[in-house]
Amino acid sequence: MEGDGGKTVIVTGRDYMEKISGSGKFPYLVRVSWRYNALPDGFPDEADAELMGRVNDALEETFRKDKAAYLVAIYTGEGRRDWLFYAHSLAIFGKVFNRALEDVEETVPFEIEAQSDPEWSEYAEMRSLSYIPEDDEE
């Protein structure tokens, strides 16, 4: 998809979240952002991309096991990576997030913001902008 600055933003979205989103148990949207020094195409250099991969793996592994929050989307481009989570509790999210990154030695300049989104409207918008449905023949 195209970002606000006109450059490509890669969107990775999670599918099959209807049961979780409809449960009402994860009402908080948490956006974890990392602003990086972008190459001319808006994407990270090799060193930042490698570190991002390790951070991403740590977050996915920890939250898959813990279920304190669900990682539902990742946006990368225009000098920024955003991880979007829906959390049950902001306090518990913070503890699990910090635990996930205990083994990452580098300092990462995260910006974290949270808001109430019990209807999962941010997730619905991401899906409407980026989802490609399966072909009818499949």
# chains A, B, ... in the order shown; residues from 1 in each chain; ligands from 1
call {"tool": "residues_around", "arguments": {"residues": "Glu119 (chain A)", "least_positions_apart": "5", "cutoff": "12 Å", "atoms": "only C-alpha atoms", "output": "short mmCIF file (atom, residue, chain, number, x, y, z; two decimals) with N, CA and C atoms, in the first residue's frame"}}
result
data_model
loop_
_atom_site.label_atom_id
_atom_site.label_comp_id
_atom_site.auth_asym_id
_atom_site.auth_seq_id
_atom_site.Cartn_x
_atom_site.Cartn_y
_atom_site.Cartn_z
N GLU A 18 -11.73 -13.11 14.07
CA GLU A 18 -13.12 -12.81 14.39
C GLU A 18 -13.51 -13.28 15.80
N ILE A 20 -11.60 -13.80 18.44
CA ILE A 20 -10.90 -13.00 19.45
C ILE A 20 -11.46 -11.59 19.49
N SER A 21 -11.63 -10.97 18.32
CA SER A 21 -12.11 -9.58 18.30
C SER A 21 -13.54 -9.49 18.84
N GLY A 22 -14.34 -10.51 18.59
CA GLY A 22 -15.72 -10.49 19.05
C GLY A 22 -15.90 -10.87 20.52
N SER A 23 -14.84 -11.34 21.16
CA SER A 23 -14.95 -11.79 22.55
C SER A 23 -15.07 -10.63 23.54
N GLY A 24 -14.59 -9.45 23.14
CA GLY A 24 -14.61 -8.30 24.05
C GLY A 24 -13.51 -8.34 25.09
N LYS A 25 -12.64 -9.33 25.04
CA LYS A 25 -11.61 -9.50 26.06
C LYS A 25 -10.31 -8.75 25.77
N PHE A 26 -10.19 -8.17 24.58
CA PHE A 26 -8.96 -7.48 24.19
C PHE A 26 -9.32 -6.10 23.63
N PRO A 27 -9.72 -5.17 24.51
CA PRO A 27 -10.26 -3.89 24.06
C PRO A 27 -9.22 -2.79 23.79
N TYR A 28 -7.95 -3.04 24.09
CA TYR A 28 -6.94 -1.98 23.97
C TYR A 28 -6.06 -2.18 22.75
N LEU A 29 -6.00 -1.16 21.92
CA LEU A 29 -5.08 -1.15 20.78
C LEU A 29 -3.76 -0.54 21.26
N TYR A 86 -3.64 -6.01 20.08
CA TYR A 86 -4.83 -5.81 20.89
C TYR A 86 -4.58 -6.54 22.20
N ALA A 124 -10.08 -3.51 11.53
CA ALA A 124 -11.03 -3.55 10.41
C ALA A 124 -10.56 -2.65 9.27
N GLU A 125 -10.02 -1.49 9.59
CA GLU A 125 -9.52 -0.58 8.55
C GLU A 125 -8.33 -1.20 7.82
#
call {"tool": "select_by_dssp", "arguments": {"residues": "chain A", "states": "strand (DSSP E)", "output": "number ranges by chain"}}
result
A: 10-13, 28-35, 69-77, 80-87, 110-116
call {"tool": "select_by_dssp", "arguments": {"residues": "chain A", "states": "alpha helix (DSSP H)", "output": "VMD selection string"}}
result
chain A and resid 18 to 23 46 to 66 90 to 100 121 to 130
call {"tool": "residues_around", "arguments": {"residues": "Asn37 (chain A)", "least_positions_apart": "4", "cutoff": "8 Å", "atoms": "only C-alpha atoms", "output": "number ranges by chain"}}
result
A: 44-45, 79
call {"tool": "closest_residue", "arguments": {"among": "A:Pro40, A:Gly94, A:Pro118, A:Gly77", "to": "Val9 (chain A)", "atoms": "only C-alpha atoms"}}
result
A:Gly77
call {"tool": "residues_around", "arguments": {"residues": "region 55-62 of chain A", "least_positions_apart": "5", "cutoff": "9 Å", "atoms": "only C-alpha atoms", "output": "list of chain:residue names"}}
result
A:Glu50, A:Lys67, A:Tyr70, A:Leu71, A:Trp83, A:Val96, A:Phe97, A:Arg99, A:Ala100, A:Leu101, A:Asp103, A:Val104
call {"tool": "atom_distance", "arguments": {"atom1": "CA of Ile74 (chain A)", "atom2": "CA of Thr12 (chain A)"}}
result
5.1 Å
call {"tool": "residues_around", "arguments": {"residues": "region 109-117 of chain A", "least_positions_apart": "6", "cutoff": "8 Å", "atoms": "only C-alpha atoms", "output": "list in words"}}
result
Pro27, Tyr28, Leu29, Val30, Arg31, Val32, Ser33, Trp34, Arg35 and Leu90 of chain A
call {"tool": "residues_around", "arguments": {"residues": "Ala69 (chain A)", "least_positions_apart": "6", "cutoff": "7 Å", "atoms": "only C-alpha atoms", "output": "number ranges by chain"}}
result
A: 63, 85-88, 93
call {"tool": "atom_distance", "arguments": {"atom1": "CA of Gly53 (chain A)", "atom2": "CA of Met126 (chain A)"}}
result
21.6 Å
call {"tool": "decode", "arguments": {"residues": "region 43-57 of chain A", "atoms": "N, CA, C and O atoms", "output": "short mmCIF file (atom, residue, chain, number, x, y, z; two decimals), in the first residue's frame"}}
result
data_model
loop_
_atom_site.label_atom_id
_atom_site.label_comp_id
_atom_site.auth_asym_id
_atom_site.auth_seq_id
_atom_site.Cartn_x
_atom_site.Cartn_y
_atom_site.Cartn_z
N PHE A 43 12.71 2.15 3.21
CA PHE A 43 12.89 0.95 4.02
C PHE A 43 14.19 1.02 4.82
O PHE A 43 15.07 1.82 4.52
N PRO A 44 14.33 0.16 5.84
CA PRO A 44 15.51 0.22 6.70
C PRO A 44 16.77 -0.32 6.01
O PRO A 44 16.68 -1.12 5.07
N ASP A 45 17.92 0.15 6.50
CA ASP A 45 19.17 -0.41 6.00
C ASP A 45 19.35 -1.82 6.55
O ASP A 45 18.54 -2.31 7.35
N GLU A 46 20.40 -2.49 6.13
CA GLU A 46 20.60 -3.90 6.48
C GLU A 46 20.71 -4.12 7.99
O GLU A 46 20.13 -5.07 8.53
N ALA A 47 21.43 -3.24 8.68
CA ALA A 47 21.61 -3.40 10.14
C ALA A 47 20.28 -3.24 10.87
O ALA A 47 19.95 -4.04 11.75
N ASP A 48 19.52 -2.21 10.53
CA ASP A 48 18.21 -2.02 11.17
C ASP A 48 17.26 -3.16 10.82
O ASP A 48 16.50 -3.63 11.67
N ALA A 49 17.30 -3.62 9.58
CA ALA A 49 16.42 -4.70 9.16
C ALA A 49 16.73 -5.98 9.94
O ALA A 49 15.82 -6.71 10.34
N GLU A 50 18.00 -6.25 10.18
CA GLU A 50 18.40 -7.44 10.92
C GLU A 50 17.91 -7.35 12.36
O GLU A 50 17.34 -8.29 12.91
N LEU A 51 18.11 -6.18 12.99
CA LEU A 51 17.64 -5.98 14.36
C LEU A 51 16.12 -6.05 14.43
O LEU A 51 15.55 -6.65 15.34
N MET A 52 15.45 -5.46 13.45
CA MET A 52 13.98 -5.52 13.40
C MET A 52 13.50 -6.96 13.33
O MET A 52 12.50 -7.32 13.96
N GLY A 53 14.19 -7.77 12.56
CA GLY A 53 13.82 -9.18 12.45
C GLY A 53 13.94 -9.89 13.78
O GLY A 53 13.04 -10.66 14.16
N ARG A 54 15.01 -9.62 14.53
CA ARG A 54 15.17 -10.25 15.84
C ARG A 54 14.11 -9.78 16.82
O ARG A 54 13.56 -10.57 17.59
N VAL A 55 13.82 -8.46 16.80
CA VAL A 55 12.78 -7.92 17.67
C VAL A 55 11.43 -8.52 17.31
O VAL A 55 10.67 -8.95 18.19
N ASN A 56 11.14 -8.58 16.03
CA ASN A 56 9.87 -9.14 15.58
C ASN A 56 9.72 -10.60 16.01
O ASN A 56 8.67 -11.00 16.53
N ASP A 57 10.77 -11.39 15.83
CA ASP A 57 10.72 -12.79 16.23
C ASP A 57 10.47 -12.93 17.73
O ASP A 57 9.68 -13.77 18.16
#
